[in-house]
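Data from coords_24.txt: compact mmCIF, C-alpha atoms and all ligand atoms
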```
# COMPACT_ATOMS: atom_id res chain seq x y z
CA MET A 1 -19.37 -17.06 -23.72
CA THR A 2 -18.13 -15.71 -20.38
CA VAL A 3 -14.35 -15.75 -20.04
CA ASN A 4 -13.22 -16.88 -16.57
CA VAL A 5 -10.21 -14.73 -15.68
CA GLY A 6 -7.51 -15.49 -13.12
CA VAL A 7 -5.70 -12.41 -11.77
CA ILE A 8 -2.05 -12.64 -10.66
CA GLY A 9 -1.06 -9.62 -8.55
CA ALA A 10 -3.62 -7.89 -6.36
CA GLY A 11 -1.87 -4.52 -6.07
CA MET A 12 -2.98 -1.17 -7.39
CA ILE A 13 -3.55 -2.07 -11.00
CA GLY A 14 -4.52 -5.70 -10.36
CA ALA A 15 -7.33 -4.35 -8.17
CA ASP A 16 -8.32 -1.75 -10.74
CA HIS A 17 -8.46 -4.32 -13.57
CA THR A 18 -10.46 -6.70 -11.34
CA ARG A 19 -13.02 -3.97 -10.70
CA ARG A 20 -13.08 -3.24 -14.43
CA LEU A 21 -13.61 -6.92 -15.34
CA GLY A 22 -16.49 -7.12 -12.89
CA THR A 23 -18.30 -3.87 -13.50
CA VAL A 24 -17.25 -2.28 -16.80
CA VAL A 25 -16.21 -4.94 -19.27
CA SER A 26 -18.71 -7.40 -20.69
CA GLY A 27 -18.13 -11.12 -21.28
CA ALA A 28 -15.82 -11.84 -18.36
CA ARG A 29 -15.75 -12.62 -14.68
CA VAL A 30 -12.84 -12.97 -12.25
CA THR A 31 -12.87 -16.48 -10.81
CA ALA A 32 -9.46 -16.66 -9.10
CA VAL A 33 -6.87 -14.33 -7.59
CA THR A 34 -3.33 -14.92 -6.34
CA ASP A 35 -0.72 -12.65 -4.80
CA ILE A 36 2.49 -13.36 -2.87
CA ASP A 37 0.74 -11.32 -0.17
CA ALA A 38 -2.09 -13.74 0.73
CA ASP A 39 -4.08 -11.13 2.67
CA ARG A 40 -4.10 -8.80 -0.31
CA ALA A 41 -5.23 -11.65 -2.58
CA ALA A 42 -8.04 -12.54 -0.16
CA ALA A 43 -9.23 -8.95 0.11
CA LEU A 44 -9.37 -8.54 -3.67
CA ALA A 45 -10.93 -11.96 -4.27
CA ALA A 46 -13.71 -11.07 -1.85
CA THR A 47 -14.62 -7.99 -3.91
CA ALA A 48 -15.09 -10.20 -7.00
CA GLY A 49 -16.61 -13.30 -5.45
CA ALA A 50 -13.52 -15.19 -6.63
CA ARG A 51 -11.43 -17.85 -4.93
CA VAL A 52 -7.85 -17.42 -3.75
CA LEU A 53 -5.18 -19.74 -5.13
CA PRO A 54 -1.75 -20.16 -3.55
CA GLY A 55 0.43 -19.22 -6.54
CA ASP A 56 0.59 -18.30 -10.22
CA LEU A 57 1.13 -21.88 -11.47
CA GLU A 58 -1.88 -23.19 -9.53
CA LEU A 59 -3.99 -20.35 -10.91
CA ILE A 60 -2.85 -20.88 -14.50
CA GLY A 61 -3.57 -24.61 -14.25
CA ALA A 62 -7.02 -24.20 -12.70
CA ASP A 63 -10.01 -25.52 -14.63
CA ASP A 64 -12.07 -22.44 -13.81
CA VAL A 65 -9.43 -20.11 -15.34
CA ASP A 66 -9.75 -19.64 -19.12
CA ALA A 67 -7.50 -16.58 -19.39
CA VAL A 68 -4.86 -14.95 -17.17
CA LEU A 69 -4.25 -11.31 -16.24
CA VAL A 70 -0.74 -10.62 -14.90
CA ALA A 71 -0.44 -7.52 -12.68
CA SER A 72 2.31 -8.60 -10.31
CA TRP A 73 5.49 -6.55 -10.14
CA GLY A 74 7.65 -6.55 -13.27
CA PRO A 75 10.30 -9.16 -12.32
CA ALA A 76 7.54 -11.76 -11.74
CA HIS A 77 5.87 -11.29 -15.13
CA ALA A 78 8.01 -13.58 -17.33
CA ARG A 79 7.46 -16.73 -15.30
CA SER A 80 3.67 -16.30 -15.20
CA VAL A 81 3.37 -15.35 -18.87
CA LEU A 82 5.53 -18.29 -19.97
CA ALA A 83 3.45 -20.69 -17.88
CA ALA A 84 0.21 -19.32 -19.35
CA VAL A 85 1.54 -19.67 -22.90
CA GLU A 86 2.74 -23.23 -22.20
CA ALA A 87 -0.78 -23.96 -20.91
CA GLY A 88 -2.24 -22.49 -24.13
CA LYS A 89 -4.24 -19.83 -22.21
CA PRO A 90 -4.64 -16.22 -23.41
CA VAL A 91 -2.71 -13.83 -21.16
CA PHE A 92 -2.84 -10.09 -20.62
CA CYS A 93 0.42 -8.86 -19.09
CA GLU A 94 0.88 -5.42 -17.61
CA LYS A 95 4.00 -3.65 -18.83
CA PRO A 96 6.77 -4.68 -18.80
CA LEU A 97 6.34 -8.03 -20.53
CA ALA A 98 9.55 -9.01 -18.74
CA THR A 99 12.38 -7.09 -17.15
CA THR A 100 15.01 -8.50 -19.53
CA ALA A 101 14.99 -8.67 -23.31
CA GLU A 102 16.12 -12.33 -23.06
CA ASP A 103 12.98 -13.20 -21.11
CA CYS A 104 10.83 -11.33 -23.64
CA LEU A 105 12.38 -13.41 -26.42
CA ARG A 106 11.59 -16.58 -24.47
CA VAL A 107 7.93 -15.50 -24.45
CA VAL A 108 8.07 -14.74 -28.19
CA GLU A 109 9.57 -18.18 -28.88
CA ALA A 110 7.03 -19.97 -26.66
CA GLU A 111 4.16 -18.18 -28.40
CA GLN A 112 5.50 -19.12 -31.83
CA ARG A 113 5.78 -22.75 -30.69
CA HIS A 114 2.12 -22.53 -29.66
CA GLY A 115 1.38 -21.41 -33.23
CA SER A 116 -0.85 -18.35 -32.70
CA ARG A 117 -0.98 -15.24 -30.56
CA LEU A 118 -1.86 -15.60 -26.88
CA VAL A 119 -0.17 -12.54 -25.32
CA GLN A 120 -1.33 -8.92 -25.04
CA VAL A 121 0.91 -6.36 -23.32
CA GLY A 122 -0.61 -3.49 -21.30
CA PHE A 123 0.48 -0.57 -23.45
CA MET A 124 -2.92 1.05 -23.02
CA ARG A 125 -2.14 4.33 -24.74
CA ARG A 126 -2.86 2.61 -28.05
CA TYR A 127 -6.47 2.55 -26.84
CA ASP A 128 -6.62 6.21 -25.80
CA ALA A 129 -8.96 8.24 -28.01
CA GLY A 130 -6.49 11.14 -28.35
CA TYR A 131 -3.55 8.97 -29.37
CA ARG A 132 -5.76 6.99 -31.76
CA GLU A 133 -6.89 10.18 -33.47
CA MET A 134 -3.24 11.30 -33.75
CA LYS A 135 -2.35 7.98 -35.38
CA ARG A 136 -5.24 8.18 -37.82
CA ILE A 137 -4.16 11.69 -38.88
CA ILE A 138 -0.50 10.65 -39.29
CA ASP A 139 -1.43 7.47 -41.20
CA GLU A 140 -3.70 9.47 -43.54
CA GLY A 141 -0.87 11.89 -44.35
CA GLY A 142 -2.45 14.77 -42.40
CA ILE A 143 0.92 16.21 -41.34
CA GLY A 144 3.02 14.86 -44.21
CA ALA A 145 6.00 12.64 -43.49
CA PRO A 146 6.66 12.73 -39.71
CA LEU A 147 10.04 14.27 -38.84
CA MET A 148 10.00 14.79 -35.06
CA VAL A 149 7.97 13.88 -31.97
CA HIS A 150 8.15 15.88 -28.73
CA CYS A 151 6.87 14.10 -25.62
CA ALA A 152 6.68 14.77 -21.89
CA HIS A 153 5.71 12.41 -19.07
CA ARG A 154 5.33 14.21 -15.76
CA ASN A 155 4.21 12.84 -12.41
CA PRO A 156 3.68 14.99 -9.29
CA SER A 157 6.09 12.88 -7.18
CA VAL A 158 7.52 9.38 -6.82
CA PRO A 159 8.43 7.32 -3.74
CA GLU A 160 12.01 6.82 -2.54
CA SER A 161 12.04 3.33 -4.07
CA TYR A 162 11.89 4.89 -7.56
CA HIS A 163 15.41 5.02 -9.02
CA SER A 164 16.94 6.58 -12.12
CA ALA A 165 16.54 3.53 -14.42
CA MET A 166 12.81 3.46 -13.62
CA ALA A 167 12.45 6.75 -15.48
CA THR A 168 12.93 4.54 -18.52
CA HIS A 169 11.54 1.13 -17.51
CA ASP A 170 8.49 2.34 -15.61
CA THR A 171 7.74 5.74 -17.09
CA ALA A 172 9.15 6.48 -20.57
CA VAL A 173 8.34 2.92 -21.66
CA HIS A 174 4.83 4.20 -22.46
CA GLU A 175 6.20 6.92 -24.78
CA ILE A 176 8.62 4.41 -26.33
CA ASP A 177 5.73 2.13 -27.23
CA ALA A 178 3.39 4.95 -28.27
CA VAL A 179 5.91 6.53 -30.64
CA ARG A 180 6.87 3.23 -32.34
CA TRP A 181 3.17 2.65 -32.90
CA LEU A 182 2.29 6.22 -33.95
CA LEU A 183 5.07 6.33 -36.56
CA SER A 184 4.97 2.63 -37.55
CA ASP A 185 8.74 2.86 -37.27
CA GLU A 186 11.38 1.24 -35.06
CA ILE A 187 13.65 3.03 -32.59
CA VAL A 188 17.29 2.34 -33.46
CA SER A 189 19.25 4.46 -30.96
CA ALA A 190 18.93 6.18 -27.60
CA GLN A 191 20.72 8.93 -25.73
CA VAL A 192 19.93 10.61 -22.39
CA LEU A 193 20.62 14.21 -21.37
CA THR A 194 20.62 15.09 -17.68
CA PRO A 195 19.46 18.61 -16.82
CA ARG A 196 20.08 20.22 -13.45
CA ARG A 197 18.23 18.05 -10.94
CA THR A 198 15.11 19.28 -9.18
CA SER A 199 15.51 19.91 -5.47
CA HIS A 200 12.15 18.10 -4.98
CA ARG A 201 13.65 14.62 -5.38
CA PHE A 202 15.24 11.90 -3.31
CA GLU A 203 19.02 12.33 -3.39
CA HIS A 204 19.78 9.24 -5.51
CA LEU A 205 17.46 10.16 -8.40
CA GLN A 206 18.34 11.84 -11.69
CA ASP A 207 15.18 13.84 -12.31
CA PRO A 208 14.35 15.23 -14.82
CA GLN A 209 15.83 13.34 -17.79
CA ILE A 210 15.62 14.10 -21.50
CA MET A 211 15.70 11.02 -23.69
CA LEU A 212 16.55 11.31 -27.37
CA PHE A 213 15.65 8.57 -29.83
CA GLU A 214 16.17 8.05 -33.54
CA THR A 215 14.00 5.78 -35.69
CA ALA A 216 15.04 3.56 -38.60
CA GLY A 217 13.29 6.08 -40.87
CA GLY A 218 15.36 8.98 -39.46
CA ALA A 219 12.70 10.66 -37.29
CA ARG A 220 13.92 12.19 -34.02
CA ILE A 221 12.05 11.91 -30.73
CA ASP A 222 12.62 13.72 -27.46
CA VAL A 223 10.96 12.55 -24.24
CA GLU A 224 11.11 14.64 -21.08
CA VAL A 225 10.59 12.49 -17.99
CA PHE A 226 9.98 14.62 -14.91
CA VAL A 227 8.52 12.60 -12.07
CA ASN A 228 8.66 15.19 -9.28
CA CYS A 229 7.09 18.05 -11.22
CA ARG A 230 4.76 18.76 -8.29
CA TYR A 231 1.88 20.23 -10.27
CA GLY A 232 0.18 17.08 -11.61
CA TYR A 233 0.14 14.10 -13.94
CA ASP A 234 0.72 15.54 -17.37
CA ILE A 235 1.25 13.61 -20.60
CA ARG A 236 2.18 15.56 -23.73
CA CYS A 237 2.91 14.49 -27.28
CA GLU A 238 3.30 16.49 -30.49
CA ALA A 239 4.28 15.02 -33.85
CA VAL A 240 5.80 17.39 -36.39
CA GLY A 241 5.61 16.48 -40.07
CA GLU A 242 6.61 18.03 -43.39
CA THR A 243 3.31 19.90 -43.75
CA GLY A 244 1.86 20.24 -40.24
CA THR A 245 1.76 19.09 -36.64
CA VAL A 246 -0.64 17.06 -34.52
CA SER A 247 -0.82 17.19 -30.71
CA LEU A 248 -2.33 14.92 -28.10
CA PRO A 249 -5.39 16.68 -26.67
CA ASP A 250 -5.61 17.24 -22.93
CA PRO A 251 -8.54 15.40 -21.33
CA ALA A 252 -11.70 17.53 -21.61
CA ARG A 253 -12.17 19.52 -18.40
CA PRO A 254 -14.48 22.41 -17.56
CA VAL A 255 -12.89 25.84 -17.84
CA VAL A 256 -13.23 27.84 -14.65
CA ARG A 257 -13.13 31.64 -14.85
CA GLY A 258 -12.69 33.73 -11.73
CA GLY A 259 -10.22 35.85 -9.82
CA GLY A 260 -8.94 37.31 -13.06
CA ARG A 261 -8.01 33.90 -14.50
CA ALA A 262 -9.46 31.20 -16.75
CA GLY A 263 -8.19 27.65 -16.49
CA THR A 264 -8.72 23.94 -16.01
CA ALA A 265 -7.67 21.59 -13.23
CA VAL A 266 -4.66 19.35 -13.90
CA LEU A 267 -5.16 15.64 -13.15
CA GLN A 268 -3.10 14.28 -10.27
CA ASP A 269 -3.48 10.56 -10.80
CA TRP A 270 -2.43 8.35 -13.73
CA LYS A 271 -5.38 5.99 -13.13
CA LYS A 272 -7.88 8.67 -14.12
CA ARG A 273 -5.93 10.00 -17.13
CA PHE A 274 -6.18 6.73 -19.03
CA ALA A 275 -9.28 5.21 -17.41
CA ALA A 276 -11.20 4.89 -20.68
CA ALA A 277 -8.14 3.47 -22.43
CA TYR A 278 -7.77 0.78 -19.74
CA ASP A 279 -11.47 -0.07 -20.15
CA ASP A 280 -11.10 -0.43 -23.91
CA GLU A 281 -7.87 -2.45 -23.78
CA ILE A 282 -9.35 -4.95 -21.32
CA GLN A 283 -12.59 -5.21 -23.33
CA ASP A 284 -10.55 -5.86 -26.48
CA TRP A 285 -8.52 -8.50 -24.64
CA VAL A 286 -11.63 -10.26 -23.31
CA ALA A 287 -13.18 -10.35 -26.79
CA ALA A 288 -10.00 -11.90 -28.24
CA ALA A 289 -9.56 -14.27 -25.28
CA ALA A 290 -13.10 -15.57 -25.85
CA THR A 291 -11.85 -16.94 -29.16
CA GLY A 292 -8.60 -18.24 -27.63
CA GLY A 293 -6.45 -15.42 -29.03
CA ALA A 294 -5.04 -11.99 -28.21
CA ALA A 295 -5.35 -8.43 -29.53
CA GLY A 296 -3.50 -5.12 -29.33
CA PRO A 297 0.19 -4.73 -28.43
CA ASP A 298 1.92 -8.09 -28.80
CA ALA A 299 4.88 -9.90 -27.29
CA TRP A 300 7.12 -8.50 -30.02
CA ASP A 301 6.19 -4.98 -28.88
CA GLY A 302 7.10 -6.07 -25.35
CA TYR A 303 10.47 -7.36 -26.59
CA ALA A 304 11.21 -4.21 -28.62
CA ALA A 305 10.33 -1.98 -25.66
CA ALA A 306 12.68 -4.02 -23.44
CA MET A 307 15.57 -3.66 -25.92
CA ILE A 308 14.99 0.09 -26.25
CA CYS A 309 14.73 0.51 -22.46
CA ASP A 310 18.00 -1.38 -21.94
CA ALA A 311 19.76 0.86 -24.47
CA THR A 312 18.30 3.97 -22.81
CA VAL A 313 19.48 2.96 -19.34
CA GLU A 314 22.93 2.17 -20.77
CA ALA A 315 22.94 5.61 -22.41
CA LEU A 316 22.07 7.25 -19.09
CA GLY A 317 25.16 5.61 -17.60
CA SER A 318 27.55 6.31 -20.47
CA GLY A 319 26.28 9.65 -21.74
CA GLY A 320 26.69 8.35 -25.29
CA VAL A 321 24.41 7.25 -28.13
CA VAL A 322 23.54 3.56 -27.80
CA ALA A 323 22.14 1.35 -30.60
CA THR A 324 19.00 -0.50 -29.53
CA GLY A 325 19.67 -3.64 -31.60
CA VAL A 326 15.95 -4.42 -32.02
CA LYS A 327 15.65 -7.25 -34.55
CA ASP A 328 13.22 -7.19 -37.50
CA ARG A 329 9.59 -8.02 -36.64
CA PRO A 330 8.99 -11.69 -37.59
CA ALA A 331 6.17 -12.55 -40.02
CA PHE A 332 4.38 -14.29 -37.13
CA TYR A 333 3.76 -10.84 -35.62
CA ALA A 334 2.63 -9.16 -38.86
CA ARG A 335 -0.07 -6.65 -37.94
CA GLU A 336 -3.53 -7.92 -38.63
CA GLU A 337 -5.54 -5.24 -36.78
CA ALA A 338 -5.72 -1.77 -38.27
CA GLY A 339 -4.90 1.04 -35.84
CA ARG A 340 -3.53 -1.06 -33.00
P1 LIG B 1 1.59 -3.05 -6.87
O1 LIG B 1 2.89 -3.12 -6.15
O2 LIG B 1 0.51 -2.22 -6.34
O3 LIG B 1 1.03 -4.48 -7.02
C1 LIG B 1 1.83 -5.56 -7.36
C2 LIG B 1 1.26 -6.75 -6.67
O4 LIG B 1 1.90 -7.91 -7.17
C3 LIG B 1 1.48 -6.74 -5.19
O5 LIG B 1 0.28 -6.96 -4.55
C4 LIG B 1 2.44 -7.87 -4.97
O6 LIG B 1 2.25 -8.50 -3.74
C5 LIG B 1 2.12 -8.78 -6.11
N1 LIG B 1 3.16 -9.65 -6.50
C6 LIG B 1 4.44 -9.38 -6.66
N2 LIG B 1 5.09 -10.45 -7.04
C7 LIG B 1 4.19 -11.41 -7.14
C8 LIG B 1 4.26 -12.76 -7.49
N3 LIG B 1 5.39 -13.33 -7.84
N4 LIG B 1 3.13 -13.48 -7.51
C9 LIG B 1 2.00 -12.91 -7.19
N5 LIG B 1 1.86 -11.63 -6.83
C10 LIG B 1 2.95 -10.90 -6.81
O7 LIG B 1 1.97 -2.65 -8.34
P2 LIG B 1 1.07 -2.01 -9.43
O8 LIG B 1 1.21 -0.53 -9.39
O9 LIG B 1 -0.26 -2.62 -9.35
O10 LIG B 1 1.82 -2.47 -10.74
C11 LIG B 1 1.72 -3.79 -11.17
C12 LIG B 1 2.13 -3.86 -12.61
O11 LIG B 1 1.32 -3.04 -13.36
C13 LIG B 1 3.54 -3.42 -12.89
O12 LIG B 1 4.09 -4.23 -13.87
C14 LIG B 1 3.36 -2.03 -13.39
O13 LIG B 1 4.40 -1.65 -14.28
C15 LIG B 1 2.07 -2.14 -14.10
N6 LIG B 1 1.37 -0.91 -14.15
C16 LIG B 1 0.91 -0.48 -15.35
C17 LIG B 1 0.26 0.69 -15.44
C18 LIG B 1 -0.21 1.15 -16.76
O14 LIG B 1 -0.50 2.33 -16.90
N7 LIG B 1 -0.33 0.27 -17.71
C19 LIG B 1 0.00 1.52 -14.31
C20 LIG B 1 0.46 0.96 -13.08
C21 LIG B 1 1.13 -0.22 -13.02
P1 LIG B 2 1.63 -3.01 -6.94
O1 LIG B 2 2.93 -3.11 -6.24
O2 LIG B 2 0.56 -2.17 -6.39
O3 LIG B 2 1.03 -4.43 -7.12
C1 LIG B 2 1.80 -5.54 -7.45
C2 LIG B 2 1.23 -6.71 -6.74
O4 LIG B 2 1.83 -7.87 -7.25
C3 LIG B 2 1.49 -6.71 -5.26
O5 LIG B 2 0.29 -6.92 -4.58
C4 LIG B 2 2.43 -7.86 -5.07
O6 LIG B 2 2.26 -8.49 -3.84
C5 LIG B 2 2.06 -8.74 -6.21
N1 LIG B 2 3.06 -9.63 -6.69
C6 LIG B 2 4.34 -9.40 -6.89
N2 LIG B 2 4.93 -10.49 -7.33
C7 LIG B 2 3.99 -11.41 -7.44
C8 LIG B 2 4.00 -12.75 -7.87
N3 LIG B 2 5.10 -13.35 -8.26
N4 LIG B 2 2.85 -13.42 -7.87
C9 LIG B 2 1.74 -12.82 -7.47
N5 LIG B 2 1.68 -11.56 -7.05
C10 LIG B 2 2.79 -10.87 -7.04
O7 LIG B 2 2.01 -2.58 -8.39
P2 LIG B 2 1.08 -1.94 -9.46
O8 LIG B 2 1.20 -0.46 -9.43
O9 LIG B 2 -0.24 -2.58 -9.39
O10 LIG B 2 1.84 -2.38 -10.78
C11 LIG B 2 1.78 -3.70 -11.18
C12 LIG B 2 2.20 -3.79 -12.62
O11 LIG B 2 1.38 -2.97 -13.39
C13 LIG B 2 3.58 -3.33 -12.89
O12 LIG B 2 4.17 -4.15 -13.86
C14 LIG B 2 3.41 -1.95 -13.41
O13 LIG B 2 4.44 -1.56 -14.29
C15 LIG B 2 2.13 -2.07 -14.13
N6 LIG B 2 1.41 -0.83 -14.20
C16 LIG B 2 1.00 -0.42 -15.40
C17 LIG B 2 0.32 0.76 -15.51
C18 LIG B 2 -0.13 1.23 -16.84
O14 LIG B 2 -0.42 2.40 -16.98
N7 LIG B 2 -0.23 0.36 -17.80
C19 LIG B 2 0.05 1.52 -14.40
C20 LIG B 2 0.46 1.03 -13.16
C21 LIG B 2 1.15 -0.16 -13.09
C1 LIG B 3 2.97 3.66 -13.82
O1 LIG B 3 3.78 2.55 -13.60
C2 LIG B 3 2.40 3.60 -15.17
O2 LIG B 3 2.59 2.70 -15.91
C3 LIG B 3 1.60 4.77 -15.53
O3 LIG B 3 0.98 4.65 -16.74
C4 LIG B 3 2.58 5.87 -15.54
O4 LIG B 3 2.18 7.00 -16.19
C5 LIG B 3 2.99 6.13 -14.11
O5 LIG B 3 3.80 7.24 -14.08
C6 LIG B 3 3.74 4.91 -13.62
O6 LIG B 3 4.05 5.06 -12.28
```
Please, can you express the file's structure as structure tokens?
Ligand code: NAI
Ligand code: NAD
Ligand code: ISE
Amino acid sequence: MTVNVGVIGAGMIGADHTRRLGTVVSGARVTAVTDIDADRAAALAATAGARVLPGDLELIGADDVDAVLVASWGPAHARSVLAAVEAGKPVFCEKPLATTAEDCLRVVEAEQRHGSRLVQVGFMRRYDAGYREMKRIIDEGGIGAPLMVHCAHRNPSVPESYHSAMATHDTAVHEIDAVRWLLSDEIVSAQVLTPRRTSHRFEHLQDPQIMLFETAGGARIDVEVFVNCRYGYDIRCEAVGETGTVSLPDPARPVVRGGGRAGTAVLQDWKKRFAAAYDDEIQDWVAAAATGGAAGPDAWDGYAAAMICDATVEALGSGGVVATGVKDRPAFYAREEAGR
């Protein structure tokens, strides 16, 4: 069966996922595109041989749309995801699931009313080969009981529109999800330390930030977010256990020797760093959507991430330790897929 996909949001990642659905992933085709910017929707639709629809509700209701991919900006996600769930259509939603925890809970409730999973959230690191190998090693006891995780998320630069809370909501949210998943543990508190600010930033931005998290099981996590690091896009993660450590491998790159040095180029662009992971997450989603369901990170993961992000932003403001208040995972969201 070919899954007919409707894409909401024709920006950077909406365009990348549309290309992926057309040329990389099997079992799907993009039949409809919408964007609040009609010209952008038309340009993207033309690349896929799809039609343009005037809005998200029209697209979700269309007969030639079996499944919905949401790649609009964050504040628009909840409305589109809720409408897709109400229509009983599988939906892939780029992170964040919603920009408030209340809206995430509304999605969770709507999905439970539907009676089975329909929502997958775009936490693609769970599909990255390096992270998956780390999880396998941790799950098999390869480092003993995990005690600490050290992470860094560095971007070369960010635009002026990027503000201090986005270091959490836009950037560290990936580490927040990855660590919950790696440790199979929930984050219960957050704190943010603010080092001296880089001179390579817009005035309003606190950059870098060091976020400290504690899990229900007592593990400690530190995440450095540094989004004007200048030198490249660099994602680091090391888990430390009672008997060893495991680190996220850098992407394989040729080593160049010359001029008295040996080294590898550092990636500059997030799209390339996780390209294979995006391919795998969308393929997994299409396979599940073909059976009317969903795979991978679920709406509960989207809700938990929203709660943890809110606590982290509050901690940035107060300087204190803030409880995340994430509720217990309901039985409805019990994990059925190993590894994801
Ligand atoms: P973008 O700004 O390039 O594209 C967003 C598009 O959504 C724009 O074309 C905009 O016109 C459209 N849009 C906004 N509101 C809309 C609405 N109500 N209805 C229809 N279209 C609407 O943004 P980008 O970088 O593509 O990001 C989109 C989403 O993808 C964000 O949620 C972002 O967090 C997520 N993202 C995820 C990444 C990942 O690694 N998983 C990487 C980059 C983005
Ligand atoms: P973008 O700004 O390039 O694209 C967003 C597009 O959505 C724009 O074209 C905008 O016009 C459109 N849009 C906004 N509201 C809309 C609405 N209500 N209906 C239809 N279209 C709407 O942004 P982007 O970089 O593509 O990011 C989009 C989403 O993807 C964000 O949620 C972002 O967090 C997420 N994202 C995730 C990753 C990742 O690694 N998983 C990477 C980049 C972006
Ligand atoms: C972007 O929004 C993402 O989600 C990418 O994965 C991230 O690494 C990048 O820094 C963000 O801008």
Within 7 Å of ligand LIG 1 (chain B), counting only C-alpha atoms and all ligand atoms, residues as a list in words: Ile8, Gly9, Ala10, Gly11, Met12, Ile13, Gly14, Thr34, Asp35, Ile36, Asp37, Arg40, Gly55, Asp56, Ala71, Ser72, Trp73, Gly74, Ala76, Glu94, Lys95, Pro96, Gly122, Phe123, Met124 and Asp170 of chain A
Centre and edge lengths of an axis-aligned box around all listed atoms of ligand LIG 2 (chain B), with 6 Å added on each side, are to be given in Å to one decimal, as JSON.
```
{"center_x": 2.3, "center_y": -5.5, "center_z": -10.8, "size_x": 17.5, "size_y": 27.8, "size_z": 26.0}
```
Ligand LIG 3 (chain B) neighbours within 10 Å using all atoms listed in the file, as an NGL selection string: :A and (12-13 or 73-74 or 94-96 or 122-125 or 153-159 or 162 or 166-167 or 169-175 or 225-227 or 233-235 or 269-271 or 273-274)
Nearest residue to Gly27 (chain A) from the set A:Asp284, A:Glu186, A:Glu238, A:Asp207 (distances using all atoms listed in the file): A:Asp284
Closest of A:Pro254, A:Pro195, A:Gly88, A:Gly6 to Leu53 (chain A) - atom-to-atom distances counting all atoms listed in the file: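 Among the listed residues, the smallest separation from Leu53 (chain A) belongs to A:Gly6.
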Two-atom distance - CA of Thr168 (chain A), CA of Met134 (chain A) (Å): 23.2 Å
Nearest to Leu105 (chain A), chosen from A:Gly258, A:Gly325, A:Gly232, A:Gly302, with all atoms listed in the file counted in the distances: A:Gly302
Selected residue of minimal separation from ligand LIG 2 (chain B) among A:Ala276, A:Val246, A:Ala110, A:Leu193, counting all atoms listed in the file: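 The shortest atom-to-atom distance to ligand LIG 2 (chain B) comes from A:Ala276.
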Output requested as a CSV table (one decimal), keeping the file's coordinate frame - region 33-44 of chain A, filled out with N, CA and C atoms.
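Saved file out.csv follows:
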```csv
chain,number,residue,atom,x,y,z
A,33,VAL,N,-7.9,-15.4,-7.8
A,33,VAL,CA,-6.9,-14.3,-7.6
A,33,VAL,C,-5.7,-15.0,-6.8
A,34,THR,N,-4.5,-14.5,-7.2
A,34,THR,CA,-3.3,-14.9,-6.3
A,34,THR,C,-2.4,-13.7,-6.2
A,35,ASP,N,-1.7,-13.7,-5.1
A,35,ASP,CA,-0.7,-12.6,-4.8
A,35,ASP,C,0.3,-13.2,-3.8
A,36,ILE,N,1.6,-12.8,-3.9
A,36,ILE,CA,2.5,-13.4,-2.9
A,36,ILE,C,2.1,-12.9,-1.5
A,37,ASP,N,1.3,-11.8,-1.4
A,37,ASP,CA,0.7,-11.3,-0.2
A,37,ASP,C,-0.7,-11.9,-0.1
A,38,ALA,N,-0.8,-13.0,0.7
A,38,ALA,CA,-2.1,-13.7,0.7
A,38,ALA,C,-3.3,-12.9,1.2
A,39,ASP,N,-3.0,-12.0,2.2
A,39,ASP,CA,-4.1,-11.1,2.7
A,39,ASP,C,-4.6,-10.2,1.6
A,40,ARG,N,-3.7,-9.7,0.8
A,40,ARG,CA,-4.1,-8.8,-0.3
A,40,ARG,C,-4.9,-9.6,-1.3
A,41,ALA,N,-4.5,-10.8,-1.6
A,41,ALA,CA,-5.2,-11.6,-2.6
A,41,ALA,C,-6.6,-11.9,-2.0
A,42,ALA,N,-6.7,-12.2,-0.7
A,42,ALA,CA,-8.0,-12.5,-0.2
A,42,ALA,C,-9.0,-11.3,-0.2
A,43,ALA,N,-8.4,-10.2,0.1
A,43,ALA,CA,-9.2,-9.0,0.1
A,43,ALA,C,-9.8,-8.7,-1.3
A,44,LEU,N,-8.9,-8.8,-2.3
A,44,LEU,CA,-9.4,-8.5,-3.7
A,44,LEU,C,-10.4,-9.6,-4.1
```
